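> Handing you this structure, nothing more for now.
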Amino acid sequence: DDLSLVKGSPGGRRDYLDTTLVSLSSRHDQLQSDLDRVLRQRAALLKQSGGRLAPEIELTLDVFDAKLVAAGEAVAQARLDLVEQLGPVLAAAYDQVARRSAEVRATYASTWMATGLAAALAAARRDDLRRGVSTVGPHRDELELWIGSMPARTHASQGEQRSLALALRLAAHHVVAAETESTPVLLLDDVFSELDPDRSDALLRSLPPGQAILSTASGLPPGAVPGAVIEVHDGVATPRSAGEG
């Protein structure tokens with residue numbers, strides 16, 4: 001459900017950034033794997049410590065923290081750069097889908113980037129040991145979405161949130177297409193059932209050049225001109241001519 005991209009937990013928005021970055025460069029996939037691995041290792045060590053900083057725990061924690069700094073700062077910087085790229089494209093996509101102009105912004109929020117991850121980990125070490133979890137790092141960062149001066153997650157209407165979720169998908173597609181000089185497939189899953197006719201028409205007009213796969217349980221809106229239609233019933237897919245009702 002794309003609506004959860006706006007109103008759901010921060011993890012979904014971090015995944016949105018990371019998935020887009022992997023589409024831009026396979027290097028980010030390796031960075032993310034390195035980050036996930038060291039976070040798992042660090043979590044296991046913190047639990048093993050029982051809240052006590054024994055010499056062998058401290059030594060191993062130093063090693064893990066160095067790896068976490070290397071991978072974590074690279075991942076966070078890539079996300080920050082992407083958010084800056086997405087900004088103007090997201091605002092334009094929202095205006096198109098919502099059929100009205102609004103000040104839409106995306107910001108990358110981190111509690112540690114001002115001081116650096118190494119300093120933040122050192123400051124949080126005793127708290128991490130006590131709680132048995134890593135309390136700072138890119139796994140705690142947030143992609144904040146704003147409409148005007150208000151956070152979209154808590155203060156936007158459901159219609160605004162849906163428009164923003166679609167704008168996020170369109171913006172990511174635009175950035176990937178521009179940076180890779182390719183035409184990636186755009187997949188939109190059952191979006192029309194939740195949109196009013198005006199927003200459905202605006203979405204169709206906003207679709208980028210290239211191939212788009214649209215799934216729907218309620219039928220395509222009047223303005224849709226599909227190149228091919230496949231009907232799925234009881235798990236059986238049947239091709240239909242594009243003009244069939």
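The chains in the structure tokens are called A, B, ... from first to last as shown; in each chain the residues are counted from 1, and the ligands are counted from 1 in the order shown.
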Using DSSP on the backbone coordinates, identify the residues of region 81-227 of chain A assigned to alpha helix (DSSP H); present them as a PDB file with N, CA and C atoms, in the first residue's frame.

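result13.pdb, freshly written:
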```pdb
ATOM      1  N   ASP A  81      21.884  13.054  -0.764  1.00  0.00           N
ATOM      2  CA  ASP A  81      22.033  13.547  -2.140  1.00  0.00           C
ATOM      3  C   ASP A  81      20.785  13.242  -2.965  1.00  0.00           C
ATOM      4  N   LEU A  82      20.227  12.041  -2.782  1.00  0.00           N
ATOM      5  CA  LEU A  82      19.031  11.663  -3.526  1.00  0.00           C
ATOM      6  C   LEU A  82      17.849  12.545  -3.151  1.00  0.00           C
ATOM      7  N   VAL A  83      17.681  12.826  -1.862  1.00  0.00           N
ATOM      8  CA  VAL A  83      16.580  13.677  -1.422  1.00  0.00           C
ATOM      9  C   VAL A  83      16.678  15.056  -2.070  1.00  0.00           C
ATOM     10  N   GLU A  84      17.888  15.563  -2.192  1.00  0.00           N
ATOM     11  CA  GLU A  84      18.071  16.864  -2.850  1.00  0.00           C
ATOM     12  C   GLU A  84      17.698  16.787  -4.332  1.00  0.00           C
ATOM     13  N   GLN A  85      18.004  15.659  -4.970  1.00  0.00           N
ATOM     14  CA  GLN A  85      17.617  15.471  -6.371  1.00  0.00           C
ATOM     15  C   GLN A  85      16.107  15.366  -6.518  1.00  0.00           C
ATOM     16  N   LEU A  86      15.483  14.654  -5.594  1.00  0.00           N
ATOM     17  CA  LEU A  86      14.043  14.410  -5.679  1.00  0.00           C
ATOM     18  C   LEU A  86      13.222  15.673  -5.457  1.00  0.00           C
ATOM     19  N   GLY A  87      13.742  16.602  -4.669  1.00  0.00           N
ATOM     20  CA  GLY A  87      12.960  17.747  -4.216  1.00  0.00           C
ATOM     21  C   GLY A  87      12.124  18.440  -5.276  1.00  0.00           C
ATOM     22  N   PRO A  88      12.753  19.051  -6.285  1.00  0.00           N
ATOM     23  CA  PRO A  88      11.962  19.782  -7.286  1.00  0.00           C
ATOM     24  C   PRO A  88      11.078  18.876  -8.131  1.00  0.00           C
ATOM     25  N   VAL A  89      11.536  17.648  -8.397  1.00  0.00           N
ATOM     26  CA  VAL A  89      10.741  16.713  -9.202  1.00  0.00           C
ATOM     27  C   VAL A  89       9.497  16.281  -8.428  1.00  0.00           C
ATOM     28  N   LEU A  90       9.675  16.042  -7.120  1.00  0.00           N
ATOM     29  CA  LEU A  90       8.556  15.654  -6.272  1.00  0.00           C
ATOM     30  C   LEU A  90       7.498  16.749  -6.213  1.00  0.00           C
ATOM     31  N   ALA A  91       7.938  17.984  -6.055  1.00  0.00           N
ATOM     32  CA  ALA A  91       7.001  19.101  -5.985  1.00  0.00           C
ATOM     33  C   ALA A  91       6.200  19.221  -7.280  1.00  0.00           C
ATOM     34  N   ALA A  92       6.870  19.083  -8.415  1.00  0.00           N
ATOM     35  CA  ALA A  92       6.180  19.185  -9.703  1.00  0.00           C
ATOM     36  C   ALA A  92       5.212  18.026  -9.902  1.00  0.00           C
ATOM     37  N   ALA A  93       5.633  16.808  -9.513  1.00  0.00           N
ATOM     38  CA  ALA A  93       4.768  15.635  -9.665  1.00  0.00           C
ATOM     39  C   ALA A  93       3.531  15.760  -8.783  1.00  0.00           C
ATOM     40  N   TYR A  94       3.704  16.283  -7.586  1.00  0.00           N
ATOM     41  CA  TYR A  94       2.556  16.454  -6.691  1.00  0.00           C
ATOM     42  C   TYR A  94       1.553  17.444  -7.293  1.00  0.00           C
ATOM     43  N   ASP A  95       2.049  18.547  -7.804  1.00  0.00           N
ATOM     44  CA  ASP A  95       1.162  19.544  -8.410  1.00  0.00           C
ATOM     45  C   ASP A  95       0.352  18.938  -9.558  1.00  0.00           C
ATOM     46  N   GLN A  96       1.000  18.051 -10.338  1.00  0.00           N
ATOM     47  CA  GLN A  96       0.312  17.419 -11.463  1.00  0.00           C
ATOM     48  C   GLN A  96      -0.768  16.455 -10.983  1.00  0.00           C
ATOM     49  N   VAL A  97      -0.408  15.593 -10.025  1.00  0.00           N
ATOM     50  CA  VAL A  97      -1.342  14.563  -9.562  1.00  0.00           C
ATOM     51  C   VAL A  97      -2.484  15.171  -8.759  1.00  0.00           C
ATOM     52  N   ALA A  98      -2.163  16.119  -7.897  1.00  0.00           N
ATOM     53  CA  ALA A  98      -3.185  16.732  -7.046  1.00  0.00           C
ATOM     54  C   ALA A  98      -4.001  17.790  -7.773  1.00  0.00           C
ATOM     55  N   LEU A 117      29.179  10.223  12.608  1.00  0.00           N
ATOM     56  CA  LEU A 117      28.679   8.993  13.216  1.00  0.00           C
ATOM     57  C   LEU A 117      29.613   8.458  14.285  1.00  0.00           C
ATOM     58  N   ALA A 118      30.922   8.611  14.113  1.00  0.00           N
ATOM     59  CA  ALA A 118      31.868   8.098  15.117  1.00  0.00           C
ATOM     60  C   ALA A 118      31.630   8.760  16.471  1.00  0.00           C
ATOM     61  N   ALA A 119      31.499  10.085  16.473  1.00  0.00           N
ATOM     62  CA  ALA A 119      31.264  10.805  17.726  1.00  0.00           C
ATOM     63  C   ALA A 119      29.914  10.436  18.329  1.00  0.00           C
ATOM     64  N   ALA A 120      28.903  10.273  17.485  1.00  0.00           N
ATOM     65  CA  ALA A 120      27.572   9.934  17.972  1.00  0.00           C
ATOM     66  C   ALA A 120      27.553   8.533  18.582  1.00  0.00           C
ATOM     67  N   LEU A 121      28.265   7.590  17.973  1.00  0.00           N
ATOM     68  CA  LEU A 121      28.325   6.236  18.524  1.00  0.00           C
ATOM     69  C   LEU A 121      29.053   6.213  19.859  1.00  0.00           C
ATOM     70  N   ALA A 122      30.134   6.985  19.941  1.00  0.00           N
ATOM     71  CA  ALA A 122      30.885   7.050  21.200  1.00  0.00           C
ATOM     72  C   ALA A 122      30.019   7.628  22.316  1.00  0.00           C
ATOM     73  N   ALA A 123      29.256   8.668  21.997  1.00  0.00           N
ATOM     74  CA  ALA A 123      28.404   9.303  23.001  1.00  0.00           C
ATOM     75  C   ALA A 123      27.266   8.387  23.436  1.00  0.00           C
ATOM     76  N   ALA A 124      26.810   7.531  22.521  1.00  0.00           N
ATOM     77  CA  ALA A 124      25.659   6.673  22.815  1.00  0.00           C
ATOM     78  C   ALA A 124      26.056   5.285  23.326  1.00  0.00           C
ATOM     79  N   ARG A 125      27.355   5.010  23.452  1.00  0.00           N
ATOM     80  CA  ARG A 125      27.788   3.642  23.738  1.00  0.00           C
ATOM     81  C   ARG A 125      27.197   3.094  25.030  1.00  0.00           C
ATOM     82  N   ARG A 126      27.255   3.831  26.109  1.00  0.00           N
ATOM     83  CA  ARG A 126      26.747   3.307  27.385  1.00  0.00           C
ATOM     84  C   ARG A 126      25.234   3.075  27.320  1.00  0.00           C
ATOM     85  N   ASP A 127      24.534   3.980  26.647  1.00  0.00           N
ATOM     86  CA  ASP A 127      23.096   3.800  26.499  1.00  0.00           C
ATOM     87  C   ASP A 127      22.794   2.586  25.620  1.00  0.00           C
ATOM     88  N   ASP A 128      23.585   2.393  24.575  1.00  0.00           N
ATOM     89  CA  ASP A 128      23.407   1.227  23.711  1.00  0.00           C
ATOM     90  C   ASP A 128      23.627  -0.069  24.496  1.00  0.00           C
ATOM     91  N   LEU A 129      24.655  -0.089  25.329  1.00  0.00           N
ATOM     92  CA  LEU A 129      24.932  -1.274  26.146  1.00  0.00           C
ATOM     93  C   LEU A 129      23.776  -1.548  27.108  1.00  0.00           C
ATOM     94  N   ARG A 130      23.280  -0.501  27.710  1.00  0.00           N
ATOM     95  CA  ARG A 130      22.195  -0.667  28.680  1.00  0.00           C
ATOM     96  C   ARG A 130      20.929  -1.177  28.002  1.00  0.00           C
ATOM     97  N   ARG A 131      20.643  -0.644  26.808  1.00  0.00           N
ATOM     98  CA  ARG A 131      19.394  -0.992  26.132  1.00  0.00           C
ATOM     99  C   ARG A 131      19.529  -2.200  25.208  1.00  0.00           C
ATOM    100  N   ALA A 152       3.351  15.826   6.434  1.00  0.00           N
ATOM    101  CA  ALA A 152       2.301  15.127   5.684  1.00  0.00           C
ATOM    102  C   ALA A 152       1.852  13.853   6.385  1.00  0.00           C
ATOM    103  N   ARG A 153       2.739  13.229   7.147  1.00  0.00           N
ATOM    104  CA  ARG A 153       2.396  11.965   7.795  1.00  0.00           C
ATOM    105  C   ARG A 153       1.245  12.111   8.771  1.00  0.00           C
ATOM    106  N   THR A 154       1.184  13.235   9.466  1.00  0.00           N
ATOM    107  CA  THR A 154       0.192  13.404  10.530  1.00  0.00           C
ATOM    108  C   THR A 154      -0.857  14.463  10.248  1.00  0.00           C
ATOM    109  N   HIS A 155      -0.575  15.399   9.334  1.00  0.00           N
ATOM    110  CA  HIS A 155      -1.473  16.538   9.185  1.00  0.00           C
ATOM    111  C   HIS A 155      -2.104  16.669   7.795  1.00  0.00           C
ATOM    112  N   GLN A 158      -6.231  12.404   3.692  1.00  0.00           N
ATOM    113  CA  GLN A 158      -5.923  11.146   3.019  1.00  0.00           C
ATOM    114  C   GLN A 158      -5.748  11.353   1.526  1.00  0.00           C
ATOM    115  N   GLY A 159      -6.529  12.258   0.937  1.00  0.00           N
ATOM    116  CA  GLY A 159      -6.363  12.563  -0.485  1.00  0.00           C
ATOM    117  C   GLY A 159      -5.007  13.170  -0.774  1.00  0.00           C
ATOM    118  N   GLU A 160      -4.555  14.073   0.092  1.00  0.00           N
ATOM    119  CA  GLU A 160      -3.228  14.664  -0.071  1.00  0.00           C
ATOM    120  C   GLU A 160      -2.144  13.618   0.101  1.00  0.00           C
ATOM    121  N   GLN A 161      -2.322  12.723   1.057  1.00  0.00           N
ATOM    122  CA  GLN A 161      -1.334  11.668   1.271  1.00  0.00           C
ATOM    123  C   GLN A 161      -1.242  10.734   0.077  1.00  0.00           C
ATOM    124  N   ARG A 162      -2.395  10.403  -0.513  1.00  0.00           N
ATOM    125  CA  ARG A 162      -2.373   9.544  -1.697  1.00  0.00           C
ATOM    126  C   ARG A 162      -1.681  10.244  -2.869  1.00  0.00           C
ATOM    127  N   SER A 163      -1.976  11.509  -3.054  1.00  0.00           N
ATOM    128  CA  SER A 163      -1.325  12.258  -4.128  1.00  0.00           C
ATOM    129  C   SER A 163       0.180  12.322  -3.909  1.00  0.00           C
ATOM    130  N   LEU A 164       0.592  12.499  -2.659  1.00  0.00           N
ATOM    131  CA  LEU A 164       2.017  12.577  -2.355  1.00  0.00           C
ATOM    132  C   LEU A 164       2.697  11.228  -2.557  1.00  0.00           C
ATOM    133  N   ALA A 165       2.018  10.142  -2.186  1.00  0.00           N
ATOM    134  CA  ALA A 165       2.591   8.811  -2.393  1.00  0.00           C
ATOM    135  C   ALA A 165       2.822   8.545  -3.876  1.00  0.00           C
ATOM    136  N   LEU A 166       1.853   8.901  -4.701  1.00  0.00           N
ATOM    137  CA  LEU A 166       2.021   8.729  -6.150  1.00  0.00           C
ATOM    138  C   LEU A 166       3.123   9.634  -6.681  1.00  0.00           C
ATOM    139  N   ALA A 167       3.190  10.853  -6.167  1.00  0.00           N
ATOM    140  CA  ALA A 167       4.239  11.777  -6.598  1.00  0.00           C
ATOM    141  C   ALA A 167       5.623  11.235  -6.256  1.00  0.00           C
ATOM    142  N   LEU A 168       5.747  10.569  -5.114  1.00  0.00           N
ATOM    143  CA  LEU A 168       7.032   9.964  -4.743  1.00  0.00           C
ATOM    144  C   LEU A 168       7.442   8.904  -5.758  1.00  0.00           C
ATOM    145  N   ARG A 169       6.493   8.065  -6.192  1.00  0.00           N
ATOM    146  CA  ARG A 169       6.804   7.030  -7.180  1.00  0.00           C
ATOM    147  C   ARG A 169       7.200   7.652  -8.515  1.00  0.00           C
ATOM    148  N   LEU A 170       6.457   8.662  -8.933  1.00  0.00           N
ATOM    149  CA  LEU A 170       6.758   9.322 -10.204  1.00  0.00           C
ATOM    150  C   LEU A 170       8.102  10.038 -10.148  1.00  0.00           C
ATOM    151  N   ALA A 171       8.398  10.667  -9.005  1.00  0.00           N
ATOM    152  CA  ALA A 171       9.664  11.392  -8.869  1.00  0.00           C
ATOM    153  C   ALA A 171      10.846  10.445  -8.926  1.00  0.00           C
ATOM    154  N   ALA A 172      10.747   9.305  -8.235  1.00  0.00           N
ATOM    155  CA  ALA A 172      11.836   8.326  -8.263  1.00  0.00           C
ATOM    156  C   ALA A 172      12.053   7.801  -9.677  1.00  0.00           C
ATOM    157  N   HIS A 173      10.957   7.517 -10.379  1.00  0.00           N
ATOM    158  CA  HIS A 173      11.059   7.042 -11.763  1.00  0.00           C
ATOM    159  C   HIS A 173      11.755   8.083 -12.626  1.00  0.00           C
ATOM    160  N   HIS A 174      11.405   9.346 -12.451  1.00  0.00           N
ATOM    161  CA  HIS A 174      12.006  10.425 -13.245  1.00  0.00           C
ATOM    162  C   HIS A 174      13.508  10.516 -12.988  1.00  0.00           C
ATOM    163  N   VAL A 175      13.906  10.478 -11.723  1.00  0.00           N
ATOM    164  CA  VAL A 175      15.323  10.602 -11.381  1.00  0.00           C
ATOM    165  C   VAL A 175      16.115   9.425 -11.941  1.00  0.00           C
ATOM    166  N   VAL A 176      15.586   8.203 -11.790  1.00  0.00           N
ATOM    167  CA  VAL A 176      16.295   7.026 -12.297  1.00  0.00           C
ATOM    168  C   VAL A 176      16.418   7.099 -13.820  1.00  0.00           C
ATOM    169  N   ALA A 177      15.336   7.484 -14.486  1.00  0.00           N
ATOM    170  CA  ALA A 177      15.375   7.580 -15.949  1.00  0.00           C
ATOM    171  C   ALA A 177      16.398   8.619 -16.404  1.00  0.00           C
ATOM    172  N   ALA A 178      16.432   9.768 -15.710  1.00  0.00           N
ATOM    173  CA  ALA A 178      17.357  10.836 -16.101  1.00  0.00           C
ATOM    174  C   ALA A 178      18.805  10.459 -15.836  1.00  0.00           C
ATOM    175  N   GLU A 179      19.069   9.841 -14.684  1.00  0.00           N
ATOM    176  CA  GLU A 179      20.447   9.529 -14.308  1.00  0.00           C
ATOM    177  C   GLU A 179      21.017   8.345 -15.083  1.00  0.00           C
ATOM    178  N   THR A 180      20.177   7.363 -15.407  1.00  0.00           N
ATOM    179  CA  THR A 180      20.668   6.154 -16.080  1.00  0.00           C
ATOM    180  C   THR A 180      20.462   6.217 -17.589  1.00  0.00           C
ATOM    181  N   PRO A 197     -12.213  10.691  -9.771  1.00  0.00           N
ATOM    182  CA  PRO A 197     -12.003  10.819 -11.228  1.00  0.00           C
ATOM    183  C   PRO A 197     -10.993  11.887 -11.614  1.00  0.00           C
ATOM    184  N   ASP A 198     -10.998  13.019 -10.911  1.00  0.00           N
ATOM    185  CA  ASP A 198     -10.059  14.089 -11.253  1.00  0.00           C
ATOM    186  C   ASP A 198      -8.618  13.652 -11.027  1.00  0.00           C
ATOM    187  N   ARG A 199      -8.365  13.023  -9.885  1.00  0.00           N
ATOM    188  CA  ARG A 199      -6.995  12.577  -9.601  1.00  0.00           C
ATOM    189  C   ARG A 199      -6.586  11.429 -10.516  1.00  0.00           C
ATOM    190  N   SER A 200      -7.529  10.542 -10.863  1.00  0.00           N
ATOM    191  CA  SER A 200      -7.214   9.467 -11.802  1.00  0.00           C
ATOM    192  C   SER A 200      -6.792  10.030 -13.153  1.00  0.00           C
ATOM    193  N   ASP A 201      -7.554  11.015 -13.633  1.00  0.00           N
ATOM    194  CA  ASP A 201      -7.225  11.651 -14.909  1.00  0.00           C
ATOM    195  C   ASP A 201      -5.879  12.361 -14.825  1.00  0.00           C
ATOM    196  N   ALA A 202      -5.619  13.025 -13.689  1.00  0.00           N
ATOM    197  CA  ALA A 202      -4.346  13.734 -13.530  1.00  0.00           C
ATOM    198  C   ALA A 202      -3.181  12.750 -13.494  1.00  0.00           C
ATOM    199  N   LEU A 203      -3.381  11.602 -12.845  1.00  0.00           N
ATOM    200  CA  LEU A 203      -2.313  10.599 -12.803  1.00  0.00           C
ATOM    201  C   LEU A 203      -2.005  10.086 -14.203  1.00  0.00           C
ATOM    202  N   LEU A 204      -3.030   9.785 -14.981  1.00  0.00           N
ATOM    203  CA  LEU A 204      -2.800   9.303 -16.340  1.00  0.00           C
ATOM    204  C   LEU A 204      -2.016  10.319 -17.169  1.00  0.00           C
ATOM    205  N   ARG A 205      -2.330  11.594 -16.998  1.00  0.00           N
ATOM    206  CA  ARG A 205      -1.621  12.640 -17.731  1.00  0.00           C
ATOM    207  C   ARG A 205      -0.181  12.802 -17.249  1.00  0.00           C
ATOM    208  N   SER A 206       0.088  12.342 -16.013  1.00  0.00           N
ATOM    209  CA  SER A 206       1.417  12.512 -15.428  1.00  0.00           C
ATOM    210  C   SER A 206       2.349  11.339 -15.716  1.00  0.00           C
TER     211      SER A 206
END
```
> Which is closest to Val63 (chain A) among A:Thr107, A:Ser25, A:Gln41, A:Ser149, if we use only C-alpha atoms?
A:Gln41
> Quick one: DSSP strand (DSSP E or B) residues in region 110-164 of chain A, as number ranges by chain?
A: 142-147, 150-151
> With only C-alpha atoms as the atoms that count, which of A:Thr60, A:Ser182, A:Ser49, A:Ser9 lies nearest to Leu143 (chain A)?
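Among the listed residues, A:Ser9 lies closest to Leu143 (chain A).
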> To one decimal place, how far is CA of Arg105 (chain A) from CA of Pro208 (chain A) in Å?
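Going from CA of Arg105 (chain A) over to CA of Pro208 (chain A), I get 21.2 Å.
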> Val22 (chain A): which residues within 10 Å, counting only C-alpha atoms, same-chain residues fewer than 5 positions away excluded, as a PyMOL selection string?
chain A and resi 17+27-32+176
> Report, in Å to a single decimal, how far apart CA of Lys47 (chain A) and CA of Thr115 (chain A) are.
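Computing it gives 26.3 Å between the two atoms.
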> For CA of Leu21 (chain A) and CA of Leu5 (chain A), determine how far apart the two atoms are, in Å to one decimal place.
16.4 Å
> Which residue gives the smallest distance to Asp189 (chain A) among A:Glu144, A:Tyr108, A:Asp2, A:Arg14, with only C-alpha atoms counted?
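With only C-alpha atoms as the atom set, the closest residue is A:Asp2.
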